[in-house]
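*Asks:* I am sharing work-v3.cif, which consists of mmCIF, C-alpha atoms:
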```cif
data_target
loop_
_atom_site.label_atom_id
_atom_site.label_comp_id
_atom_site.auth_asym_id
_atom_site.auth_seq_id
_atom_site.Cartn_x
_atom_site.Cartn_y
_atom_site.Cartn_z
CA MET A 1 60.99 67.16 30.80
CA ARG A 2 63.54 65.86 28.29
CA ALA A 3 63.36 62.42 29.88
CA ALA A 4 59.58 62.40 29.46
CA LEU A 5 59.91 63.36 25.79
CA ARG A 6 62.51 60.62 25.19
CA LEU A 7 60.22 58.08 26.85
CA LEU A 8 57.31 59.19 24.67
CA VAL A 9 59.39 58.90 21.49
CA LEU A 10 60.57 55.42 22.57
CA VAL A 11 56.99 54.30 23.18
CA LEU A 12 55.92 55.58 19.75
CA VAL A 13 58.81 53.80 18.02
CA LEU A 14 58.09 50.53 19.82
CA SER A 15 54.37 50.80 19.06
CA THR A 16 55.05 51.37 15.38
CA PHE A 17 57.43 48.38 15.29
CA LEU A 18 54.96 46.09 17.05
CA LEU A 19 52.14 47.16 14.76
CA SER A 20 54.28 46.53 11.69
CA VAL A 21 55.25 43.08 12.98
CA GLY A 22 51.65 42.29 13.94
CA SER A 23 50.07 43.62 10.73
CA PRO A 24 50.20 40.28 8.83
CA LEU A 25 48.37 38.64 11.72
CA ALA A 26 45.88 41.50 11.88
CA MET A 27 45.31 41.26 8.15
CA ALA A 28 44.84 37.53 8.39
CA GLN A 29 42.26 38.01 11.12
CA GLN A 30 40.47 40.62 9.07
CA SER A 31 40.41 38.32 6.03
CA GLU A 32 38.54 35.63 7.94
CA HIS A 33 35.13 36.77 6.87
CA VAL A 34 32.65 35.92 4.17
CA ASP A 35 30.39 38.28 2.26
CA LEU A 36 26.69 37.58 1.76
CA VAL A 37 24.28 38.89 -0.89
CA THR A 38 20.60 37.97 -0.86
CA VAL A 39 18.80 37.55 -4.19
CA THR A 40 15.01 37.14 -4.22
CA GLY A 41 12.48 37.54 -7.00
CA VAL A 42 13.05 37.89 -10.72
CA ILE A 43 16.64 37.95 -12.01
CA ASP A 44 17.01 41.33 -13.70
CA PRO A 45 19.88 43.69 -14.67
CA PHE A 46 19.76 45.31 -11.23
CA VAL A 47 20.26 41.94 -9.53
CA ALA A 48 23.14 41.24 -11.94
CA GLN A 49 24.71 44.58 -10.98
CA TYR A 50 24.23 43.76 -7.29
CA VAL A 51 25.87 40.32 -7.56
CA GLY A 52 28.72 41.69 -9.68
CA ARG A 53 29.37 44.40 -7.09
CA GLY A 54 29.33 41.76 -4.36
CA LEU A 55 31.99 39.71 -6.17
CA ASP A 56 34.13 42.83 -6.63
CA VAL A 57 33.88 43.81 -2.96
CA ALA A 58 34.61 40.26 -1.79
CA ARG A 59 37.69 40.10 -4.00
CA GLU A 60 39.02 43.56 -3.10
CA GLU A 61 38.51 43.15 0.64
CA GLY A 62 39.85 39.62 0.95
CA ALA A 63 36.66 37.71 1.78
CA GLN A 64 36.99 33.93 1.93
CA CYS A 65 34.04 33.68 -0.45
CA LEU A 66 30.86 35.37 -1.58
CA ILE A 67 27.68 33.55 -0.58
CA ILE A 68 24.68 34.23 -2.82
CA GLN A 69 21.51 33.28 -0.95
CA LEU A 70 19.06 32.60 -3.76
CA ASP A 71 15.29 32.30 -4.12
CA THR A 72 14.07 33.01 -7.65
CA PRO A 73 11.49 31.83 -10.19
CA GLY A 74 13.84 32.85 -13.03
CA GLY A 75 14.38 36.02 -14.97
CA SER A 76 16.12 37.82 -17.79
CA ASP A 77 18.42 35.73 -19.99
CA ALA A 78 20.87 38.63 -20.38
CA ALA A 79 21.00 39.24 -16.61
CA MET A 80 21.44 35.52 -15.89
CA ARG A 81 24.31 35.24 -18.40
CA ALA A 82 25.99 38.31 -16.90
CA ILE A 83 25.93 36.71 -13.45
CA VAL A 84 27.15 33.34 -14.76
CA GLN A 85 30.05 34.98 -16.63
CA GLU A 86 31.08 36.88 -13.51
CA MET A 87 31.03 33.66 -11.47
CA LEU A 88 32.96 31.62 -14.02
CA ASN A 89 35.70 34.24 -14.32
CA THR A 90 36.05 35.52 -10.76
CA SER A 91 39.05 34.89 -8.53
CA VAL A 92 36.93 34.80 -5.36
CA PRO A 93 34.95 31.61 -4.64
CA ALA A 94 31.22 32.04 -5.31
CA VAL A 95 28.87 29.93 -3.21
CA VAL A 96 25.17 29.71 -4.14
CA TYR A 97 22.89 28.76 -1.25
CA VAL A 98 19.24 28.16 -2.20
CA ALA A 99 17.45 29.14 1.00
CA PRO A 100 15.44 29.40 3.18
CA GLY A 101 13.22 26.33 3.21
CA GLY A 102 10.55 26.66 0.53
CA ALA A 103 12.85 28.66 -1.77
CA ARG A 104 13.60 27.62 -5.35
CA ALA A 105 16.22 27.99 -8.03
CA ALA A 106 14.01 27.74 -11.10
CA SER A 107 14.73 28.68 -14.71
CA ALA A 108 17.53 31.27 -14.57
CA GLY A 109 18.15 30.27 -10.96
CA ALA A 110 19.15 26.75 -12.06
CA PHE A 111 21.82 28.16 -14.40
CA ILE A 112 23.22 30.41 -11.64
CA THR A 113 23.28 27.60 -9.06
CA LEU A 114 25.14 25.24 -11.39
CA ALA A 115 27.71 27.97 -12.15
CA ALA A 116 28.73 28.33 -8.49
CA HIS A 117 32.05 27.03 -7.19
CA VAL A 118 30.02 25.42 -4.40
CA ALA A 119 26.27 24.83 -4.75
CA ALA A 120 24.25 24.29 -1.59
CA MET A 121 20.56 24.04 -0.81
CA ALA A 122 18.45 24.13 2.31
CA PRO A 123 16.05 21.27 3.06
CA GLY A 124 12.63 21.83 1.49
CA THR A 125 13.95 23.68 -1.57
CA ASN A 126 13.97 22.68 -5.24
CA ILE A 127 15.89 23.34 -8.44
CA GLY A 128 15.17 22.99 -12.16
CA ALA A 129 12.18 23.57 -14.47
CA ALA A 130 14.13 25.45 -17.12
CA HIS A 131 12.24 24.28 -20.22
CA PRO A 132 11.08 27.09 -22.55
CA VAL A 133 7.37 27.81 -22.20
CA ALA A 134 5.10 30.43 -23.69
CA MET A 135 3.90 33.15 -21.34
CA SER A 136 0.44 31.60 -21.42
CA GLY A 137 1.97 28.54 -19.76
CA THR A 138 1.81 26.28 -22.85
CA GLU A 139 4.86 24.65 -24.38
CA ILE A 140 6.47 26.16 -27.46
CA THR A 141 6.36 23.87 -30.47
CA GLY A 142 8.00 23.70 -33.88
CA VAL A 143 11.32 24.95 -35.18
CA MET A 144 11.50 27.86 -32.76
CA ASP A 145 11.14 25.49 -29.83
CA GLU A 146 14.05 23.40 -31.08
CA LYS A 147 16.30 26.44 -31.54
CA VAL A 148 15.56 28.00 -28.16
CA THR A 149 15.75 24.69 -26.31
CA SER A 150 18.98 23.54 -27.99
CA ASP A 151 20.74 26.81 -27.21
CA ALA A 152 19.68 26.74 -23.55
CA ALA A 153 20.53 23.04 -23.20
CA ALA A 154 24.02 23.53 -24.62
CA TYR A 155 24.65 26.49 -22.34
CA ILE A 156 23.54 24.80 -19.12
CA ARG A 157 25.44 21.62 -20.06
CA ALA A 158 28.64 23.62 -20.58
CA ILE A 159 28.22 25.25 -17.17
CA ALA A 160 27.64 21.89 -15.45
CA GLU A 161 30.65 20.30 -17.13
CA GLU A 162 32.86 23.23 -16.16
CA ARG A 163 31.89 22.76 -12.50
CA GLY A 164 32.02 18.96 -12.61
CA ARG A 165 28.29 18.53 -12.00
CA ASN A 166 25.66 16.25 -13.51
CA ALA A 167 25.50 17.62 -17.07
CA ASP A 168 22.92 15.04 -18.17
CA TRP A 169 20.44 16.18 -15.54
CA ALA A 170 21.21 19.83 -16.32
CA GLU A 171 20.27 19.25 -19.95
CA LYS A 172 17.18 17.34 -18.84
CA ALA A 173 16.11 20.35 -16.75
CA VAL A 174 15.96 22.36 -19.97
CA ARG A 175 14.65 19.79 -22.43
CA GLU A 176 12.13 18.10 -20.12
CA SER A 177 11.54 20.81 -17.50
CA ALA A 178 12.90 18.47 -14.83
CA SER A 179 12.77 19.71 -11.25
CA ILE A 180 14.14 17.95 -8.17
CA THR A 181 14.33 18.50 -4.42
CA ALA A 182 17.45 19.41 -2.49
CA ARG A 183 18.03 15.80 -1.35
CA GLU A 184 17.55 14.47 -4.90
CA ALA A 185 19.90 17.14 -6.25
CA LEU A 186 22.59 16.08 -3.78
CA ALA A 187 22.16 12.39 -4.64
CA SER A 188 22.29 13.21 -8.38
CA GLN A 189 25.50 15.28 -8.00
CA VAL A 190 23.73 18.41 -9.14
CA ILE A 191 24.75 20.28 -5.98
CA ASP A 192 27.45 19.80 -3.36
CA LEU A 193 25.73 20.33 -0.02
CA VAL A 194 22.40 20.27 1.81
CA VAL A 195 22.66 22.39 4.95
CA ASP A 196 20.16 23.79 7.43
CA ASP A 197 21.53 27.32 7.85
CA LEU A 198 24.46 29.64 7.21
CA THR A 199 26.42 28.44 10.25
CA HIS A 200 26.18 24.85 9.05
CA LEU A 201 27.17 25.99 5.57
CA LEU A 202 30.31 27.75 6.84
CA ASP A 203 31.32 24.62 8.77
CA GLU A 204 30.88 22.45 5.68
CA LEU A 205 32.80 24.85 3.46
CA ASP A 206 35.80 24.98 5.78
CA GLY A 207 38.82 23.23 4.27
CA ARG A 208 37.16 22.70 0.89
CA GLN A 209 39.36 23.35 -2.16
CA VAL A 210 37.82 25.18 -5.10
CA SER A 211 39.29 26.12 -8.47
CA THR A 212 38.87 29.79 -9.35
CA ALA A 213 40.10 31.91 -12.26
CA ALA A 214 43.16 32.74 -10.13
CA GLY A 215 43.91 29.11 -9.22
CA SER A 216 43.06 26.72 -6.43
CA VAL A 217 41.76 28.21 -3.17
CA THR A 218 41.27 26.50 0.20
CA LEU A 219 38.37 27.95 2.12
CA ARG A 220 38.77 28.91 5.77
CA THR A 221 35.24 29.64 6.84
CA ARG A 222 34.64 27.92 10.19
CA GLY A 223 33.70 30.66 12.64
CA ALA A 224 34.20 33.36 10.01
CA ALA A 225 32.19 36.56 10.36
CA VAL A 226 29.34 36.98 7.88
CA ARG A 227 29.19 40.45 6.39
CA THR A 228 25.94 41.25 4.60
CA LEU A 229 26.16 43.39 1.47
CA ASP A 230 22.81 45.04 0.84
CA MET A 231 21.40 46.36 -2.39
CA SER A 232 21.79 50.09 -2.84
CA VAL A 233 18.64 52.17 -2.56
CA ALA A 234 18.54 52.62 -6.34
CA GLU A 235 19.08 48.90 -7.01
CA ARG A 236 16.40 47.93 -4.50
CA PHE A 237 13.88 50.40 -5.90
CA LEU A 238 14.47 49.41 -9.53
CA HIS A 239 14.35 45.72 -8.61
CA VAL A 240 10.97 46.25 -6.94
CA ILE A 241 9.38 47.92 -9.97
CA VAL A 242 10.50 45.05 -12.23
CA ASP A 243 7.43 43.12 -11.17
CA PRO A 244 4.47 42.58 -13.51
CA ASN A 245 1.94 43.91 -11.01
CA ILE A 246 4.01 46.98 -10.10
CA ALA A 247 4.78 47.75 -13.77
CA TYR A 248 1.07 47.40 -14.61
CA LEU A 249 0.12 49.78 -11.79
CA LEU A 250 2.70 52.33 -12.92
CA LEU A 251 1.41 52.21 -16.51
CA SER A 252 -2.23 52.58 -15.46
CA ILE A 253 -1.62 55.34 -12.92
CA GLY A 254 0.62 57.19 -15.37
CA LEU A 255 -2.01 57.20 -18.13
CA PHE A 256 -4.87 58.26 -15.87
CA ALA A 257 -2.82 60.96 -14.17
CA LEU A 258 -1.99 62.48 -17.57
CA VAL A 259 -5.69 62.39 -18.52
CA ALA A 260 -6.53 64.20 -15.26
CA GLU A 261 -3.91 66.84 -16.10
CA PHE A 262 -5.42 67.19 -19.58
CA TYR A 263 -8.87 67.94 -18.14
CA HIS A 264 -7.51 70.23 -15.43
CA PRO A 265 -4.62 72.15 -17.08
CA GLY A 266 -2.27 73.78 -14.65
CA ALA A 267 -2.86 71.32 -11.82
CA ILE A 268 0.79 70.24 -12.36
CA LEU A 269 0.79 67.43 -9.77
CA PRO A 270 -1.17 64.93 -11.93
CA GLY A 271 1.02 65.70 -14.94
CA VAL A 272 4.30 65.29 -13.06
CA THR A 273 3.05 62.12 -11.34
CA GLY A 274 1.87 60.66 -14.64
CA ALA A 275 5.15 61.38 -16.43
CA ILE A 276 7.23 59.81 -13.63
CA CYS A 277 5.00 56.71 -13.45
CA LEU A 278 5.14 56.18 -17.22
CA ILE A 279 8.93 56.51 -17.30
CA LEU A 280 9.28 53.98 -14.48
CA ALA A 281 6.83 51.66 -16.26
CA PHE A 282 8.94 51.76 -19.41
CA VAL A 283 12.06 51.03 -17.33
CA ALA A 284 10.31 47.88 -16.05
CA PHE A 285 9.11 47.00 -19.57
CA SER A 286 12.71 47.07 -20.81
CA VAL A 287 13.36 44.02 -18.62
CA LEU A 288 9.98 42.24 -18.63
CA PRO A 289 8.63 40.36 -21.68
CA VAL A 290 6.02 43.00 -22.43
CA ASN A 291 3.45 42.58 -25.22
CA TRP A 292 3.02 46.00 -26.80
CA GLY A 293 -0.35 44.89 -28.13
CA GLY A 294 -1.54 44.77 -24.53
CA VAL A 295 -0.18 48.29 -23.94
CA ALA A 296 -2.03 49.48 -27.07
CA LEU A 297 -5.31 48.01 -25.80
CA ILE A 298 -4.93 49.80 -22.46
CA VAL A 299 -4.26 53.11 -24.25
CA LEU A 300 -7.30 52.46 -26.50
CA ALA A 301 -9.42 51.85 -23.39
CA VAL A 302 -8.44 55.23 -21.96
CA PHE A 303 -9.28 56.87 -25.32
CA LEU A 304 -12.73 55.23 -25.39
CA PHE A 305 -13.45 56.34 -21.83
CA ILE A 306 -12.58 59.92 -22.76
CA LEU A 307 -14.85 59.82 -25.81
CA ASP A 308 -17.73 58.44 -23.76
CA ILE A 309 -17.65 61.52 -21.55
CA LYS A 310 -18.55 63.63 -24.60
CA VAL A 311 -21.07 61.18 -26.10
CA ALA A 312 -24.45 60.21 -24.68
CA GLY A 313 -24.79 56.59 -23.55
CA PHE A 314 -22.39 54.05 -22.06
CA MET A 315 -21.44 51.82 -25.01
CA LEU A 316 -18.00 53.37 -25.42
CA SER A 317 -17.30 52.85 -21.72
CA VAL A 318 -18.31 49.20 -22.03
CA GLY A 319 -15.91 48.84 -24.97
CA GLY A 320 -13.23 50.63 -22.98
CA ALA A 321 -13.67 48.28 -20.01
CA VAL A 322 -13.37 45.23 -22.32
CA ALA A 323 -10.24 46.66 -23.98
CA PHE A 324 -8.73 47.49 -20.58
CA VAL A 325 -9.26 43.96 -19.23
CA LEU A 326 -7.93 42.31 -22.43
CA GLY A 327 -4.90 44.59 -22.48
CA SER A 328 -4.19 43.82 -18.83
CA LEU A 329 -4.33 40.08 -19.46
CA MET A 330 -2.15 40.30 -22.58
CA LEU A 331 0.38 42.74 -21.13
CA PHE A 332 3.06 40.08 -20.53
CA SER A 333 1.91 37.43 -23.02
CA ARG A 334 4.35 37.66 -25.90
CA PHE A 335 3.62 36.10 -29.26
CA ALA A 336 7.30 35.26 -29.78
CA PRO A 337 8.85 32.45 -27.69
CA PRO A 338 10.46 33.76 -24.50
CA SER A 339 13.79 32.79 -23.04
CA PRO A 340 13.81 29.55 -21.02
CA THR A 341 15.22 31.56 -18.13
CA MET A 342 12.13 33.76 -17.75
CA PRO A 343 9.25 32.55 -15.56
CA ARG A 344 5.60 32.85 -16.54
CA LEU A 345 4.47 36.39 -15.79
CA VAL A 346 0.88 37.58 -15.46
CA VAL A 347 -0.95 40.41 -13.79
CA SER A 348 -3.06 39.15 -10.89
CA TRP A 349 -6.83 38.99 -11.46
CA PRO A 350 -7.74 40.88 -8.25
CA LEU A 351 -5.49 43.76 -9.32
CA ILE A 352 -7.05 43.84 -12.81
CA ALA A 353 -10.55 43.89 -11.27
CA LEU A 354 -9.57 46.67 -8.86
CA MET A 355 -8.01 48.84 -11.58
CA THR A 356 -10.93 48.29 -13.98
CA ALA A 357 -13.43 49.33 -11.29
CA SER A 358 -11.27 52.37 -10.43
CA VAL A 359 -11.08 53.39 -14.08
CA LEU A 360 -14.84 53.09 -14.57
CA PHE A 361 -15.46 55.20 -11.48
CA LEU A 362 -12.90 57.80 -12.56
CA PHE A 363 -14.31 58.30 -16.04
CA LEU A 364 -18.03 57.63 -15.55
CA PHE A 365 -18.44 59.62 -12.37
CA ALA A 366 -15.53 61.85 -11.41
CA LEU A 367 -14.43 63.28 -14.78
CA SER A 368 -17.89 63.25 -16.37
CA ALA A 369 -19.33 65.09 -13.36
CA GLY A 370 -16.55 67.63 -13.61
CA LEU A 371 -17.20 68.21 -17.30
CA ARG A 372 -20.94 68.55 -16.74
CA ALA A 373 -20.24 71.13 -14.09
CA GLN A 374 -18.02 73.03 -16.53
CA ARG A 375 -20.81 73.02 -19.14
CA THR A 376 -23.46 74.19 -16.63
CA ARG A 377 -24.25 77.83 -16.88
CA VAL A 378 -23.35 79.55 -13.64
CA ALA A 379 -26.02 81.92 -12.40
CA SER A 380 -24.70 84.96 -10.57
CA GLY A 381 -25.62 88.59 -10.04
CA ALA A 382 -28.65 89.75 -12.00
CA GLU A 383 -28.89 86.49 -13.94
CA SER A 384 -29.64 84.68 -10.71
CA MET A 385 -32.95 86.63 -10.62
CA ILE A 386 -34.45 84.69 -13.54
CA GLY A 387 -37.39 82.65 -12.27
CA ALA A 388 -37.62 84.56 -9.01
CA ARG A 389 -41.04 85.80 -7.86
CA GLY A 390 -41.96 89.21 -6.49
CA VAL A 391 -44.70 91.87 -6.47
CA ALA A 392 -45.43 94.95 -8.59
CA ILE A 393 -44.87 98.11 -6.53
CA SER A 394 -46.43 100.28 -9.27
CA ASP A 395 -48.44 99.72 -12.41
CA LEU A 396 -46.28 98.33 -15.21
CA ASP A 397 -47.58 99.95 -18.42
CA PRO A 398 -45.27 98.68 -19.63
CA ARG A 399 -42.60 100.07 -17.28
CA GLY A 400 -42.67 100.43 -13.54
CA THR A 401 -41.13 99.15 -10.31
CA VAL A 402 -41.18 95.69 -8.76
CA GLN A 403 -39.86 94.19 -5.52
CA VAL A 404 -37.99 90.93 -5.80
CA ARG A 405 -36.18 89.30 -2.87
CA GLY A 406 -36.57 92.41 -0.79
CA GLU A 407 -35.00 94.69 -3.43
CA LEU A 408 -36.58 97.26 -5.74
CA TRP A 409 -35.95 96.84 -9.47
CA SER A 410 -36.93 98.73 -12.58
CA ALA A 411 -39.07 96.39 -14.64
CA VAL A 412 -40.88 96.13 -17.93
CA ALA A 413 -43.99 94.02 -18.46
CA GLY A 414 -43.50 91.24 -20.94
CA GLU A 415 -47.05 91.56 -22.27
CA GLY A 416 -50.00 93.75 -21.39
CA VAL A 417 -50.35 95.87 -18.28
CA ILE A 418 -49.50 94.51 -14.84
CA PRO A 419 -51.39 96.36 -12.09
CA MET A 420 -49.79 97.36 -8.80
CA GLY A 421 -49.85 94.64 -6.17
CA GLU A 422 -49.90 91.81 -8.76
CA GLU A 423 -47.56 88.90 -8.13
CA ILE A 424 -44.92 88.70 -10.87
CA ARG A 425 -42.19 86.31 -12.08
CA VAL A 426 -38.86 87.40 -13.55
CA ALA A 427 -38.57 86.12 -17.13
CA GLY A 428 -35.32 87.80 -18.09
CA VAL A 429 -32.75 90.48 -17.39
CA GLU A 430 -31.88 93.33 -19.74
CA GLY A 431 -29.00 95.24 -18.17
CA VAL A 432 -30.36 96.44 -14.83
CA THR A 433 -34.01 96.12 -15.87
CA LEU A 434 -36.07 93.01 -15.21
CA ARG A 435 -38.50 91.64 -17.78
CA VAL A 436 -41.44 90.25 -15.83
CA THR A 437 -44.72 88.47 -16.39
CA ILE A 438 -47.74 87.80 -14.19
CA ALA A 439 -46.90 84.81 -11.99
#
```
Mind converting the file's structure to structure tokens?

*Replies:*
Amino acid sequence: MRAALRLLVLVLVLSTFLLSVGSPLAMAQQSEHVDLVTVTGVIDPFVAQYVGRGLDVAREEGAQCLIIQLDTPGGSDAAMRAIVQEMLNTSVPAVVYVAPGGARAASAGAFITLAAHVAAMAPGTNIGAAHPVAMSGTEITGVMDEKVTSDAAAYIRAIAEERGRNADWAEKAVRESASITAREALASQVIDLVVDDLTHLLDELDGRQVSTAAGSVTLRTRGAAVRTLDMSVAERFLHVIVDPNIAYLLLSIGLFALVAEFYHPGAILPGVTGAICLILAFVAFSVLPVNWGGVALIVLAVFLFILDIKVAGFMLSVGGAVAFVLGSLMLFSRFAPPSPTMPRLVVSWPLIALMTASVLFLFLFALSAGLRAQRTRVASGAESMIGARGVAISDLDPRGTVQVRGELWSAVAGEGVIPMGEEIRVAGVEGVTLRVTIA
């Protein structure tokens, strides 16, 4: 027994020693991985949080680099600058890969791509088009144009110079809205690589030296495992609602749900739904270039629809429909010049048409019918007898007995004498006595 215990202790000691000797190798093997974050759609604060978290995880867990697979039309200037600052000051190499084929790095995406330690693109992608434009799609002119453009041009030029890329083209992308393909970007020294997929990218990155905030790093990526870092549920949800169509739907549904609660107090569900939708809409509006004049027009439309329920005719509803459509079109058309990093945002026409039709149906038919029903006098009990026909069971001079709907009632003749057997009609009810006339 003692011999068995000694053998067990010896095995444990040897195992511990071997593990301690082998730990550097094990750690080295574990470090041979790269982290991947996927960014699609508008660049917003939630995307910036996601990318920042990816850089932190990659640094803390010893990833060879963080690959940011990018496909964006642009986005918030503040969010873009937050991502760029993280990339310029991180100690882990940041690789931007514009993919898959057909993807783009436009507006804010161009700034982020140029800020990467290594910039790569898939065939069939493009980069650029960062010139400031109004939300209507027209170019900004005058002094404001010069200020906005000069600031953006200086910023993107500084980024390109820091990464040793074509600063002249970068400035041209802002001042002239230049946009080029992946092959043209490689030839113009705007990016470093054109690769077909992630495997090809890892092979091309292997052995490349990059300069980070912590010094020079040599990448060891050939055959490295790719670990995908997903958005959290909250980040994904908030990123989804920062979409002009989704924000517009939330605003519309929120307003109409609150109106439904107003006309049916105590229903609770419409009120709670409306409050949640409006709060989420305002969260989206904090990121999107919302025009509060458009919001005001939509609110005015709802007010006109409500008034039209109480007023004869349809002119107020026509005015409400016009206000609703105009507000929908203007919702993301700001009068002030937007940032050059933000793409043109509009609510889709089919969605506007669908919501306008839904609103008209809701107010002209559903709510108005409900209100008419509330105003209608409900006939029940004795009151339901008014207008009913019957027969006099006795002479009514002026009082007597009548039979109506198979029941005997005390009755009083409305005028004159009604002989027995005469057909009568109920003209009114006075307590439990019917007031009748000859039918």

*Asks:* What is the atom CA of A:Ala152-atom CA of A:Glu171 distance in Å, reported with one decimal?

*Replies:* 8.3 Å

*Asks:* Please work out which residues fall within 9 Å of (28.0, 38.9, -12.0), coordinates as given in the file, with all atoms listed in the file counting, and return them as a ChimeraX atom specification.

*Replies:* /A:47-55,79-87,90

*Asks:* Could the residues in this selection be saved with C-alpha atoms as a PDB file, keeping the file's coordinate frame?

*Replies:*
```
ATOM      1  CA  VAL A  47      20.260  41.940  -9.530  1.00  0.00           C
ATOM      2  CA  ALA A  48      23.140  41.240 -11.940  1.00  0.00           C
ATOM      3  CA  GLN A  49      24.710  44.580 -10.980  1.00  0.00           C
ATOM      4  CA  TYR A  50      24.230  43.760  -7.290  1.00  0.00           C
ATOM      5  CA  VAL A  51      25.870  40.320  -7.560  1.00  0.00           C
ATOM      6  CA  GLY A  52      28.720  41.690  -9.680  1.00  0.00           C
ATOM      7  CA  ARG A  53      29.370  44.400  -7.090  1.00  0.00           C
ATOM      8  CA  GLY A  54      29.330  41.760  -4.360  1.00  0.00           C
ATOM      9  CA  LEU A  55      31.990  39.710  -6.170  1.00  0.00           C
ATOM     10  CA  ALA A  79      21.000  39.240 -16.610  1.00  0.00           C
ATOM     11  CA  MET A  80      21.440  35.520 -15.890  1.00  0.00           C
ATOM     12  CA  ARG A  81      24.310  35.240 -18.400  1.00  0.00           C
ATOM     13  CA  ALA A  82      25.990  38.310 -16.900  1.00  0.00           C
ATOM     14  CA  ILE A  83      25.930  36.710 -13.450  1.00  0.00           C
ATOM     15  CA  VAL A  84      27.150  33.340 -14.760  1.00  0.00           C
ATOM     16  CA  GLN A  85      30.050  34.980 -16.630  1.00  0.00           C
ATOM     17  CA  GLU A  86      31.080  36.880 -13.510  1.00  0.00           C
ATOM     18  CA  MET A  87      31.030  33.660 -11.470  1.00  0.00           C
ATOM     19  CA  THR A  90      36.050  35.520 -10.760  1.00  0.00           C
TER      20      THR A  90
END
```

*Asks:* State, in Å with one decimal place, the distance from atom CA of A:Thr437 to atom CA of A:Asp397.

*Replies:*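 Those two atoms sit 12.0 Å apart.
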
*Asks:* When distances are computed from only C-alpha atoms, which of A:Glu430, A:Asp77, A:Asp71, A:Glu415 shows the smallest separation from A:Val287?

*Replies:*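 Of A:Glu430, A:Asp77, A:Asp71, A:Glu415, the one nearest A:Val287 is A:Asp77, counting only C-alpha atoms.
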
*Asks:* In terms of the shortest atom-to-atom distance over all atoms listed in the file, which of A:Leu219, A:Arg175, A:Asn291, A:Val118 is closest to A:Gly62?

*Replies:*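 Looking at the shortest contact to A:Gly62, the residue is A:Leu219.
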
*Asks:* Work out how far atom CA of A:Gly293 is from atom CA of A:Gly327, in Å to one decimal.

*Replies:*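 One can read the atom CA of A:Gly327 to atom CA of A:Gly293 distance as 7.3 Å.
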